[in-house]
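Okay, so here's the structure we're looking at.
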Amino acid sequence: MTDDMLRAPAEVKYADELDWLESIDDGPKPFSWRLSPKMVRLFVLGSERADGLDREVSQKWFGDRSFVERSIVTLASDRGLLLIGDPGTGKSWLAELLAAAISRNSTLVVQGTAGTTEDHIKYSWNVSMVIAKGQSRASMIPSPIMTAMERGVIGRFEELTRSTSDVQDALISILSEKYVSIPELDDDNIVFAQPGFSIIATANSRDRGVNDLSSALKRRFNFVRIPVVTNKRSEAEIVRFRTTELLRRHQIELDVPPNLLDILLQSFADLRTAAASATSDDEKLESALSTAEQIGVLEDAILHSTFFGDRTLRAQTLAGSLVGSLARRSPEDLAILNKYWHGVVEPRSKQDGGDWPAFLEGGREAIATLS
């Protein structure tokens, strides 16, 4: 079934694993949860030898165990969960995995934008049916959040702070009263949330000040802050995991040399250090330099090597992909990358050798092309 989808949701992609976990799960389950909290954690973080399971459960989210546990406890208390952090820290992926494990449905999602309205959170109407037969429950179009309420499952709200304050405040009564009134109807005009309903929202910490949450809404969420992954070992595991998925999806057989992965990780670490010491925004790359962006750089290099190269990932191609992905502003970002290439990559290529000289040359050519 996953072959028929460009990107299968977690509950489809890991259906066999979820079925197996459900079959062996004898722990207490809150509300209508499909898995117990311990099994939800095991599904997200993967199994260990000490778990004594008959089969291995793959690790799907890489981060501190306490973040996952606090998220699960929050949802078990039927409070809303707000995952907040910088771009590319895995907030949406964690939300999807939690919804898949708890409800076996991660697709009841509202995407927050400047154009999101209250109808996207509550309900709207099928205009043709209203004209033909009048307003009724049959002519009502429930939002993903309302559908989650009726089914007693998890609803998701992506990029909450990108939507306007009045739209955000529509969540207050849902999170506190657990029902939605439909004043247009005389009968059957209240939708009550069934046990198991909750909301997982995500917010970008870089959007602070765009549409800040009201204090009333903040009180109805438990906050879990997801930090940027800075541990090179953990970051390498995330990049390998996502890259393996990419290669499998595209049916590509191509090895990622460990030394090139090290160069990629080191380059991002160097650029983050430079950004942290910058005194103004003009001295920082516009990129968040997140783990997700590293994966994007590697994906670009792999596809370029496959379609236009000799199906071998080389340092020059990786360097070109890095420059092309991170140089979003001209001339500011190009100047920052040029400074990095001359001040850091060039000395390192002379000192360490290996693939660094080829990486140096590839980056220089890419910067010259874009300048």
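Chains: A, B, ... in order of the structure tokens. Residues: from 1 per chain. Ligands: from 1, in order shown.
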
Within 7 Å of region 17-33 of chain A: each region 49-130 of chain A residue with its shortest pair, only C-alpha atoms, as CSV:
```
residue,atom,partner,partner_atom,distance
A:Ala76,CA,A:Pro30,CA,6.0
A:Ile102,CA,A:Trp33,CA,5.0
A:Ser103,CA,A:Trp33,CA,6.0
```

Using only C-alpha atoms, what table do you get, as JSON lines, when you list each residue of region 345-371 of chain A with an atom no more than 10 Å from region 307-323 of chain A, its nearest pair of atoms, and their distance in Å rounded to one decimal, rows by chain then rising number?
```
{"residue": "A:Gly354", "atom": "CA", "partner": "A:Ala315", "partner_atom": "CA", "distance": 9.9}
{"residue": "A:Asp355", "atom": "CA", "partner": "A:Ala315", "partner_atom": "CA", "distance": 6.1}
{"residue": "A:Trp356", "atom": "CA", "partner": "A:Ala315", "partner_atom": "CA", "distance": 7.5}
{"residue": "A:Pro357", "atom": "CA", "partner": "A:Ala315", "partner_atom": "CA", "distance": 8.6}
{"residue": "A:Ala358", "atom": "CA", "partner": "A:Gln316", "partner_atom": "CA", "distance": 5.5}
{"residue": "A:Phe359", "atom": "CA", "partner": "A:Ala315", "partner_atom": "CA", "distance": 4.8}
{"residue": "A:Leu360", "atom": "CA", "partner": "A:Ala319", "partner_atom": "CA", "distance": 7.5}
{"residue": "A:Glu361", "atom": "CA", "partner": "A:Gln316", "partner_atom": "CA", "distance": 6.7}
{"residue": "A:Gly362", "atom": "CA", "partner": "A:Gln316", "partner_atom": "CA", "distance": 4.0}
{"residue": "A:Gly363", "atom": "CA", "partner": "A:Ala319", "partner_atom": "CA", "distance": 4.9}
{"residue": "A:Arg364", "atom": "CA", "partner": "A:Gly320", "partner_atom": "CA", "distance": 8.5}
{"residue": "A:Glu365", "atom": "CA", "partner": "A:Gly320", "partner_atom": "CA", "distance": 7.7}
{"residue": "A:Ala366", "atom": "CA", "partner": "A:Gly320", "partner_atom": "CA", "distance": 5.3}
{"residue": "A:Ile367", "atom": "CA", "partner": "A:Val323", "partner_atom": "CA", "distance": 6.8}
{"residue": "A:Thr369", "atom": "CA", "partner": "A:Gly320", "partner_atom": "CA", "distance": 9.9}
{"residue": "A:Leu370", "atom": "CA", "partner": "A:Val323", "partner_atom": "CA", "distance": 9.0}
```

Selection above as a file: C-alpha atoms, as a short mmCIF file (atom, residue, chain, number, x, y, z; two decimals), in the first residue's frame:
```
data_model
loop_
_atom_site.label_atom_id
_atom_site.label_comp_id
_atom_site.auth_asym_id
_atom_site.auth_seq_id
_atom_site.Cartn_x
_atom_site.Cartn_y
_atom_site.Cartn_z
CA GLY A 354 41.19 13.37 2.72
CA ASP A 355 38.05 14.65 0.97
CA TRP A 356 38.43 18.18 2.31
CA PRO A 357 40.44 19.49 -0.69
CA ALA A 358 37.74 18.28 -3.10
CA PHE A 359 35.09 19.77 -0.83
CA LEU A 360 37.02 23.05 -0.86
CA GLU A 361 37.18 23.10 -4.65
CA GLY A 362 33.51 22.18 -5.08
CA GLY A 363 32.43 24.96 -2.73
CA ARG A 364 34.60 27.55 -4.46
CA GLU A 365 33.13 26.65 -7.84
CA ALA A 366 29.57 26.85 -6.52
CA ILE A 367 30.15 30.22 -4.86
CA THR A 369 28.83 30.38 -10.13
CA LEU A 370 26.24 32.03 -7.86
#
```

Original post:
How many Å separate CA of Thr164 (chain A) from CA of Gly152 (chain A)?
Top reply: 26.6 Å

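Distance annotation: of A:Ser77, A:Val180, A:Thr202, A:Ser173, the residue with the minimal separation from Thr147 (chain A) is A:Val180; atom set is only C-alpha atoms.
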
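Closest to Gly196 (chain A) among A:Met149, A:Ala132, A:Ala15, A:Leu6 is A:Met149, based on only C-alpha atoms.
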
In region 104-232 of chain A, what's strand (DSSP E or B) per DSSP? Answer as an mmCIF file with all heavy atoms, in the first residue's frame?
```
data_model
loop_
_atom_site.group_PDB
_atom_site.id
_atom_site.type_symbol
_atom_site.label_atom_id
_atom_site.label_comp_id
_atom_site.auth_asym_id
_atom_site.auth_seq_id
_atom_site.Cartn_x
_atom_site.Cartn_y
_atom_site.Cartn_z
ATOM 1 N N VAL A 109 -5.283 16.949 10.399
ATOM 2 C CA VAL A 109 -4.331 18.049 10.577
ATOM 3 C C VAL A 109 -4.907 19.352 10.055
ATOM 4 O O VAL A 109 -5.489 19.401 8.966
ATOM 5 C CB VAL A 109 -3.003 17.753 9.827
ATOM 6 C CG1 VAL A 109 -1.984 18.852 10.106
ATOM 7 C CG2 VAL A 109 -2.460 16.393 10.208
ATOM 8 N N VAL A 110 -4.718 20.416 10.828
ATOM 9 C CA VAL A 110 -4.979 21.785 10.387
ATOM 10 C C VAL A 110 -3.624 22.462 10.237
ATOM 11 O O VAL A 110 -2.804 22.421 11.159
ATOM 12 C CB VAL A 110 -5.850 22.567 11.391
ATOM 13 C CG1 VAL A 110 -5.969 24.030 10.979
ATOM 14 C CG2 VAL A 110 -7.226 21.933 11.510
ATOM 15 N N GLN A 111 -3.382 23.078 9.090
ATOM 16 C CA GLN A 111 -2.123 23.779 8.849
ATOM 17 C C GLN A 111 -2.320 25.265 9.117
ATOM 18 O O GLN A 111 -3.124 25.913 8.465
ATOM 19 C CB GLN A 111 -1.661 23.563 7.410
ATOM 20 C CG GLN A 111 -0.365 24.261 7.056
ATOM 21 C CD GLN A 111 0.818 23.750 7.855
ATOM 22 O OE1 GLN A 111 1.067 22.546 7.899
ATOM 23 N NE2 GLN A 111 1.554 24.649 8.475
ATOM 24 N N TYR A 123 -16.040 24.117 11.762
ATOM 25 C CA TYR A 123 -16.827 23.503 10.698
ATOM 26 C C TYR A 123 -17.169 24.555 9.645
ATOM 27 O O TYR A 123 -17.064 25.763 9.875
ATOM 28 C CB TYR A 123 -18.132 22.921 11.248
ATOM 29 C CG TYR A 123 -18.996 23.944 11.951
ATOM 30 C CD1 TYR A 123 -19.956 24.688 11.250
ATOM 31 C CD2 TYR A 123 -18.846 24.190 13.311
ATOM 32 C CE1 TYR A 123 -20.726 25.647 11.887
ATOM 33 C CE2 TYR A 123 -19.613 25.156 13.958
ATOM 34 C CZ TYR A 123 -20.553 25.875 13.245
ATOM 35 O OH TYR A 123 -21.303 26.830 13.869
ATOM 36 N N SER A 124 -17.567 24.071 8.481
ATOM 37 C CA SER A 124 -18.078 24.943 7.412
ATOM 38 C C SER A 124 -19.291 24.240 6.817
ATOM 39 O O SER A 124 -19.768 23.229 7.344
ATOM 40 C CB SER A 124 -16.996 25.201 6.358
ATOM 41 O OG SER A 124 -16.510 23.976 5.825
ATOM 42 N N TRP A 125 -19.806 24.789 5.704
ATOM 43 C CA TRP A 125 -21.045 24.256 5.139
ATOM 44 C C TRP A 125 -20.878 23.919 3.669
ATOM 45 O O TRP A 125 -20.160 24.601 2.936
ATOM 46 C CB TRP A 125 -22.180 25.271 5.289
ATOM 47 C CG TRP A 125 -22.495 25.604 6.718
ATOM 48 C CD1 TRP A 125 -22.044 26.674 7.431
ATOM 49 C CD2 TRP A 125 -23.313 24.844 7.602
ATOM 50 N NE1 TRP A 125 -22.526 26.629 8.705
ATOM 51 C CE2 TRP A 125 -23.315 25.513 8.851
ATOM 52 C CE3 TRP A 125 -24.046 23.659 7.469
ATOM 53 C CZ2 TRP A 125 -24.018 25.049 9.947
ATOM 54 C CZ3 TRP A 125 -24.748 23.189 8.572
ATOM 55 C CH2 TRP A 125 -24.737 23.877 9.799
ATOM 56 N N MET A 140 -23.224 19.898 6.901
ATOM 57 C CA MET A 140 -22.087 20.493 7.608
ATOM 58 C C MET A 140 -20.804 19.758 7.235
ATOM 59 O O MET A 140 -20.791 18.539 7.079
ATOM 60 C CB MET A 140 -22.316 20.418 9.118
ATOM 61 C CG MET A 140 -21.323 21.224 9.938
ATOM 62 S SD MET A 140 -21.692 21.138 11.700
ATOM 63 C CE MET A 140 -21.163 19.476 12.075
ATOM 64 N N ILE A 141 -19.724 20.518 7.077
ATOM 65 C CA ILE A 141 -18.410 19.936 6.789
ATOM 66 C C ILE A 141 -17.548 20.088 8.037
ATOM 67 O O ILE A 141 -17.086 21.195 8.346
ATOM 68 C CB ILE A 141 -17.737 20.633 5.599
ATOM 69 C CG1 ILE A 141 -18.632 20.576 4.362
ATOM 70 C CG2 ILE A 141 -16.378 20.001 5.304
ATOM 71 C CD1 ILE A 141 -18.113 21.399 3.202
ATOM 72 N N PRO A 142 -17.342 19.016 8.793
ATOM 73 C CA PRO A 142 -16.550 19.138 10.018
ATOM 74 C C PRO A 142 -15.073 19.353 9.701
ATOM 75 O O PRO A 142 -14.553 18.823 8.720
ATOM 76 C CB PRO A 142 -16.776 17.803 10.718
ATOM 77 C CG PRO A 142 -17.086 16.846 9.613
ATOM 78 C CD PRO A 142 -17.816 17.651 8.575
ATOM 79 N N ILE A 154 -6.620 11.816 18.242
ATOM 80 C CA ILE A 154 -5.732 12.974 18.281
ATOM 81 C C ILE A 154 -5.909 13.835 17.037
ATOM 82 O O ILE A 154 -5.867 13.340 15.913
ATOM 83 C CB ILE A 154 -4.253 12.532 18.388
ATOM 84 C CG1 ILE A 154 -4.029 11.674 19.641
ATOM 85 C CG2 ILE A 154 -3.325 13.757 18.397
ATOM 86 C CD1 ILE A 154 -4.225 12.422 20.951
ATOM 87 N N GLY A 155 -6.109 15.142 17.240
ATOM 88 C CA GLY A 155 -6.079 16.105 16.147
ATOM 89 C C GLY A 155 -4.793 16.900 16.221
ATOM 90 O O GLY A 155 -4.223 17.079 17.300
ATOM 91 N N ARG A 156 -4.309 17.361 15.076
ATOM 92 C CA ARG A 156 -3.041 18.089 15.041
ATOM 93 C C ARG A 156 -3.240 19.477 14.461
ATOM 94 O O ARG A 156 -4.066 19.683 13.574
ATOM 95 C CB ARG A 156 -2.017 17.322 14.199
ATOM 96 C CG ARG A 156 -1.613 15.978 14.778
ATOM 97 C CD ARG A 156 -0.839 15.148 13.765
ATOM 98 N NE ARG A 156 0.288 15.889 13.230
ATOM 99 C CZ ARG A 156 0.864 15.636 12.063
ATOM 100 N NH1 ARG A 156 0.402 14.673 11.283
ATOM 101 N NH2 ARG A 156 1.880 16.361 11.642
ATOM 102 N N PHE A 157 -2.464 20.422 14.980
ATOM 103 C CA PHE A 157 -2.487 21.799 14.477
ATOM 104 C C PHE A 157 -1.039 22.207 14.234
ATOM 105 O O PHE A 157 -0.288 22.439 15.172
ATOM 106 C CB PHE A 157 -3.143 22.734 15.488
ATOM 107 C CG PHE A 157 -3.611 24.053 14.892
ATOM 108 C CD1 PHE A 157 -4.924 24.448 15.016
ATOM 109 C CD2 PHE A 157 -2.750 24.884 14.198
ATOM 110 C CE1 PHE A 157 -5.373 25.643 14.480
ATOM 111 C CE2 PHE A 157 -3.174 26.076 13.644
ATOM 112 C CZ PHE A 157 -4.507 26.452 13.792
ATOM 113 N N GLU A 158 -0.657 22.273 12.965
ATOM 114 C CA GLU A 158 0.721 22.604 12.608
ATOM 115 C C GLU A 158 0.914 24.118 12.528
ATOM 116 O O GLU A 158 0.059 24.833 11.997
ATOM 117 C CB GLU A 158 1.073 21.978 11.255
ATOM 118 C CG GLU A 158 1.251 20.463 11.299
ATOM 119 C CD GLU A 158 2.477 20.062 12.081
ATOM 120 O OE1 GLU A 158 3.562 20.616 11.825
ATOM 121 O OE2 GLU A 158 2.344 19.211 12.965
ATOM 122 N N TYR A 179 -16.235 20.740 23.755
ATOM 123 C CA TYR A 179 -17.359 20.632 22.821
ATOM 124 C C TYR A 179 -17.370 21.847 21.913
ATOM 125 O O TYR A 179 -16.733 22.859 22.183
ATOM 126 C CB TYR A 179 -18.704 20.486 23.539
ATOM 127 C CG TYR A 179 -19.161 21.687 24.344
ATOM 128 C CD1 TYR A 179 -19.744 22.795 23.718
ATOM 129 C CD2 TYR A 179 -19.055 21.698 25.730
ATOM 130 C CE1 TYR A 179 -20.174 23.886 24.457
ATOM 131 C CE2 TYR A 179 -19.474 22.785 26.468
ATOM 132 C CZ TYR A 179 -20.037 23.873 25.832
ATOM 133 O OH TYR A 179 -20.455 24.958 26.564
ATOM 134 N N VAL A 180 -18.115 21.728 20.803
ATOM 135 C CA VAL A 180 -18.295 22.824 19.857
ATOM 136 C C VAL A 180 -19.789 23.037 19.653
ATOM 137 O O VAL A 180 -20.522 22.078 19.363
ATOM 138 C CB VAL A 180 -17.625 22.516 18.496
ATOM 139 C CG1 VAL A 180 -17.989 23.582 17.464
ATOM 140 C CG2 VAL A 180 -16.114 22.434 18.646
ATOM 141 N N SER A 181 -20.232 24.255 19.817
ATOM 142 C CA SER A 181 -21.636 24.595 19.581
ATOM 143 C C SER A 181 -21.843 24.952 18.110
ATOM 144 O O SER A 181 -20.969 25.551 17.475
ATOM 145 C CB SER A 181 -22.058 25.772 20.463
ATOM 146 O OG SER A 181 -21.979 25.441 21.830
ATOM 147 N N ILE A 190 -24.729 20.465 19.241
ATOM 148 C CA ILE A 190 -23.489 20.440 20.025
ATOM 149 C C ILE A 190 -22.718 19.175 19.686
ATOM 150 O O ILE A 190 -23.284 18.078 19.661
ATOM 151 C CB ILE A 190 -23.753 20.484 21.545
ATOM 152 C CG1 ILE A 190 -24.456 21.784 21.936
ATOM 153 C CG2 ILE A 190 -22.428 20.372 22.310
ATOM 154 C CD1 ILE A 190 -24.762 21.881 23.413
ATOM 155 N N VAL A 191 -21.448 19.339 19.392
ATOM 156 C CA VAL A 191 -20.564 18.190 19.152
ATOM 157 C C VAL A 191 -19.658 18.049 20.364
ATOM 158 O O VAL A 191 -18.866 18.949 20.670
ATOM 159 C CB VAL A 191 -19.717 18.393 17.881
ATOM 160 C CG1 VAL A 191 -18.703 17.267 17.735
ATOM 161 C CG2 VAL A 191 -20.614 18.455 16.654
ATOM 162 N N PHE A 192 -19.820 16.943 21.085
ATOM 163 C CA PHE A 192 -19.024 16.693 22.279
ATOM 164 C C PHE A 192 -17.795 15.859 21.923
ATOM 165 O O PHE A 192 -17.874 14.952 21.088
ATOM 166 C CB PHE A 192 -19.851 15.952 23.333
ATOM 167 C CG PHE A 192 -20.953 16.774 23.929
ATOM 168 C CD1 PHE A 192 -22.250 16.672 23.445
ATOM 169 C CD2 PHE A 192 -20.691 17.658 24.965
ATOM 170 C CE1 PHE A 192 -23.275 17.433 23.986
ATOM 171 C CE2 PHE A 192 -21.707 18.421 25.512
ATOM 172 C CZ PHE A 192 -23.006 18.314 25.023
ATOM 173 N N SER A 198 -7.586 14.761 21.937
ATOM 174 C CA SER A 198 -6.658 15.796 22.384
ATOM 175 C C SER A 198 -6.069 16.447 21.143
ATOM 176 O O SER A 198 -6.296 16.001 20.019
ATOM 177 C CB SER A 198 -5.548 15.231 23.271
ATOM 178 O OG SER A 198 -4.838 16.284 23.906
ATOM 179 N N ILE A 199 -5.309 17.497 21.354
ATOM 180 C CA ILE A 199 -4.688 18.231 20.257
ATOM 181 C C ILE A 199 -3.184 18.297 20.473
ATOM 182 O O ILE A 199 -2.720 18.628 21.574
ATOM 183 C CB ILE A 199 -5.264 19.655 20.144
ATOM 184 C CG1 ILE A 199 -6.737 19.615 19.733
ATOM 185 C CG2 ILE A 199 -4.469 20.489 19.140
ATOM 186 C CD1 ILE A 199 -7.401 20.980 19.695
ATOM 187 N N ILE A 200 -2.449 17.977 19.427
ATOM 188 C CA ILE A 200 -1.002 18.206 19.417
ATOM 189 C C ILE A 200 -0.743 19.364 18.463
ATOM 190 O O ILE A 200 -1.036 19.274 17.269
ATOM 191 C CB ILE A 200 -0.213 16.978 18.943
ATOM 192 C CG1 ILE A 200 -0.544 15.744 19.773
ATOM 193 C CG2 ILE A 200 1.287 17.256 19.008
ATOM 194 C CD1 ILE A 200 0.136 14.471 19.292
ATOM 195 N N ALA A 201 -0.226 20.451 18.981
ATOM 196 C CA ALA A 201 0.099 21.618 18.157
ATOM 197 C C ALA A 201 1.608 21.780 18.093
ATOM 198 O O ALA A 201 2.337 21.346 18.992
ATOM 199 C CB ALA A 201 -0.543 22.879 18.735
ATOM 200 N N THR A 202 2.081 22.380 17.015
ATOM 201 C CA THR A 202 3.497 22.708 16.900
ATOM 202 C C THR A 202 3.640 24.207 16.659
ATOM 203 O O THR A 202 2.740 24.844 16.098
ATOM 204 C CB THR A 202 4.181 21.949 15.742
ATOM 205 O OG1 THR A 202 3.601 22.364 14.494
ATOM 206 C CG2 THR A 202 4.021 20.453 15.901
ATOM 207 N N ALA A 203 4.744 24.750 17.092
ATOM 208 C CA ALA A 203 5.010 26.175 16.902
ATOM 209 C C ALA A 203 6.496 26.371 16.694
ATOM 210 O O ALA A 203 7.330 25.712 17.327
ATOM 211 C CB ALA A 203 4.530 26.989 18.101
ATOM 212 N N ASN A 204 6.815 27.269 15.793
ATOM 213 C CA ASN A 204 8.193 27.607 15.474
ATOM 214 C C ASN A 204 8.653 28.716 16.405
ATOM 215 O O ASN A 204 8.055 29.795 16.434
ATOM 216 C CB ASN A 204 8.261 28.061 14.006
ATOM 217 C CG ASN A 204 9.675 28.295 13.525
ATOM 218 O OD1 ASN A 204 10.600 28.440 14.333
ATOM 219 N ND2 ASN A 204 9.844 28.359 12.228
ATOM 220 N N PHE A 221 -2.409 24.510 27.230
ATOM 221 C CA PHE A 221 -1.406 23.643 26.622
ATOM 222 C C PHE A 221 -0.300 23.339 27.620
ATOM 223 O O PHE A 221 0.079 24.210 28.419
ATOM 224 C CB PHE A 221 -0.770 24.313 25.398
ATOM 225 C CG PHE A 221 -1.546 24.185 24.119
ATOM 226 C CD1 PHE A 221 -2.136 25.298 23.545
ATOM 227 C CD2 PHE A 221 -1.664 22.956 23.484
ATOM 228 C CE1 PHE A 221 -2.843 25.194 22.351
ATOM 229 C CE2 PHE A 221 -2.360 22.844 22.291
ATOM 230 C CZ PHE A 221 -2.957 23.963 21.719
ATOM 231 N N ASN A 222 0.216 22.132 27.548
ATOM 232 C CA ASN A 222 1.498 21.829 28.175
ATOM 233 C C ASN A 222 2.573 22.011 27.122
ATOM 234 O O ASN A 222 2.464 21.470 26.014
ATOM 235 C CB ASN A 222 1.529 20.385 28.694
ATOM 236 C CG ASN A 222 0.989 20.269 30.101
ATOM 237 O OD1 ASN A 222 0.601 21.258 30.711
ATOM 238 N ND2 ASN A 222 0.933 19.040 30.612
ATOM 239 N N PHE A 223 3.609 22.766 27.447
ATOM 240 C CA PHE A 223 4.681 23.073 26.504
ATOM 241 C C PHE A 223 5.800 22.037 26.628
ATOM 242 O O PHE A 223 6.233 21.701 27.730
ATOM 243 C CB PHE A 223 5.265 24.459 26.786
ATOM 244 C CG PHE A 223 4.418 25.610 26.333
ATOM 245 C CD1 PHE A 223 3.113 25.751 26.778
ATOM 246 C CD2 PHE A 223 4.913 26.561 25.456
ATOM 247 C CE1 PHE A 223 2.325 26.808 26.372
ATOM 248 C CE2 PHE A 223 4.135 27.623 25.035
ATOM 249 C CZ PHE A 223 2.838 27.746 25.492
ATOM 250 N N VAL A 224 6.264 21.543 25.487
ATOM 251 C CA VAL A 224 7.470 20.722 25.439
ATOM 252 C C VAL A 224 8.390 21.370 24.420
ATOM 253 O O VAL A 224 8.062 21.438 23.228
ATOM 254 C CB VAL A 224 7.163 19.267 25.041
ATOM 255 C CG1 VAL A 224 8.467 18.489 24.856
ATOM 256 C CG2 VAL A 224 6.291 18.592 26.086
ATOM 257 N N ARG A 225 9.512 21.865 24.877
ATOM 258 C CA ARG A 225 10.458 22.561 24.000
ATOM 259 C C ARG A 225 11.469 21.567 23.438
ATOM 260 O O ARG A 225 12.161 20.870 24.182
ATOM 261 C CB ARG A 225 11.168 23.691 24.750
ATOM 262 C CG ARG A 225 10.202 24.759 25.231
ATOM 263 C CD ARG A 225 10.909 25.969 25.821
ATOM 264 N NE ARG A 225 9.927 26.979 26.217
ATOM 265 C CZ ARG A 225 9.407 27.890 25.389
ATOM 266 N NH1 ARG A 225 9.811 27.915 24.133
ATOM 267 N NH2 ARG A 225 8.518 28.758 25.815
ATOM 268 N N ILE A 226 11.532 21.505 22.112
ATOM 269 C CA ILE A 226 12.436 20.581 21.432
ATOM 270 C C ILE A 226 13.674 21.362 20.982
ATOM 271 O O ILE A 226 13.576 22.223 20.098
ATOM 272 C CB ILE A 226 11.764 19.935 20.207
ATOM 273 C CG1 ILE A 226 10.394 19.362 20.578
ATOM 274 C CG2 ILE A 226 12.675 18.877 19.609
ATOM 275 C CD1 ILE A 226 10.439 18.227 21.551
#
```

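What separates CA of Ala288 (chain A) from CA of Pro87 (chain A) is a distance of 6.6 Å.
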
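Going from CA of Ser290 (chain A) to CA of Val228 (chain A) covers 6.9 Å.
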
Original post:
What residues in region 55-130 of chain A get the DSSP label alpha helix (DSSP H)? Please answer as a ChimeraX atom specification.
Top reply: /A:65-76,91-103,118-121,127-130

Please provide the set of residues having any atom within 12 Å of Glu159 (chain A), restricted to only C-alpha atoms, with same-chain residues fewer than 6 positions apart removed, written as a PDB file with C-alpha atoms, in the first residue's frame.
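What landed in out.pdb:
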```pdb
ATOM      1  CA  LEU A  82       2.375  22.180  22.245  1.00  0.00           C
ATOM      2  CA  LEU A  83       5.711  21.159  20.728  1.00  0.00           C
ATOM      3  CA  ILE A  84       7.819  24.261  20.247  1.00  0.00           C
ATOM      4  CA  GLY A  85      11.303  24.669  18.827  1.00  0.00           C
ATOM      5  CA  ASP A  86      13.443  25.877  15.946  1.00  0.00           C
ATOM      6  CA  PRO A  87      12.729  24.737  12.369  1.00  0.00           C
ATOM      7  CA  LYS A  91       8.360  18.610  16.014  1.00  0.00           C
ATOM      8  CA  SER A  92       5.949  17.620  13.253  1.00  0.00           C
ATOM      9  CA  ALA A  95       3.504  14.778  16.553  1.00  0.00           C
ATOM     10  CA  VAL A 109      -4.331  18.049  10.577  1.00  0.00           C
ATOM     11  CA  VAL A 110      -4.979  21.785  10.387  1.00  0.00           C
ATOM     12  CA  GLN A 111      -2.123  23.779   8.849  1.00  0.00           C
ATOM     13  CA  GLY A 112      -1.728  27.186  10.420  1.00  0.00           C
ATOM     14  CA  THR A 113      -1.184  30.048   7.974  1.00  0.00           C
ATOM     15  CA  ALA A 114      -2.209  33.680   7.668  1.00  0.00           C
ATOM     16  CA  THR A 116      -6.413  29.881   8.288  1.00  0.00           C
ATOM     17  CA  GLN A 168      -6.035  30.617  17.817  1.00  0.00           C
ATOM     18  CA  ILE A 200      -1.002  18.206  19.417  1.00  0.00           C
ATOM     19  CA  ALA A 201       0.099  21.618  18.157  1.00  0.00           C
ATOM     20  CA  THR A 202       3.497  22.708  16.900  1.00  0.00           C
ATOM     21  CA  ALA A 203       5.010  26.175  16.902  1.00  0.00           C
ATOM     22  CA  ASN A 204       8.193  27.607  15.474  1.00  0.00           C
ATOM     23  CA  SER A 205      10.183  29.461  18.116  1.00  0.00           C
ATOM     24  CA  ARG A 206      11.477  31.764  15.366  1.00  0.00           C
ATOM     25  CA  ASP A 207       7.900  32.981  14.843  1.00  0.00           C
ATOM     26  CA  ARG A 208       7.782  34.604  18.271  1.00  0.00           C
ATOM     27  CA  VAL A 210       4.270  37.032  14.707  1.00  0.00           C
ATOM     28  CA  ASN A 211       1.063  35.889  16.434  1.00  0.00           C
ATOM     29  CA  ASP A 212       1.851  35.269  20.090  1.00  0.00           C
ATOM     30  CA  LEU A 213      -0.420  32.916  21.982  1.00  0.00           C
TER      31      LEU A 213
END
```
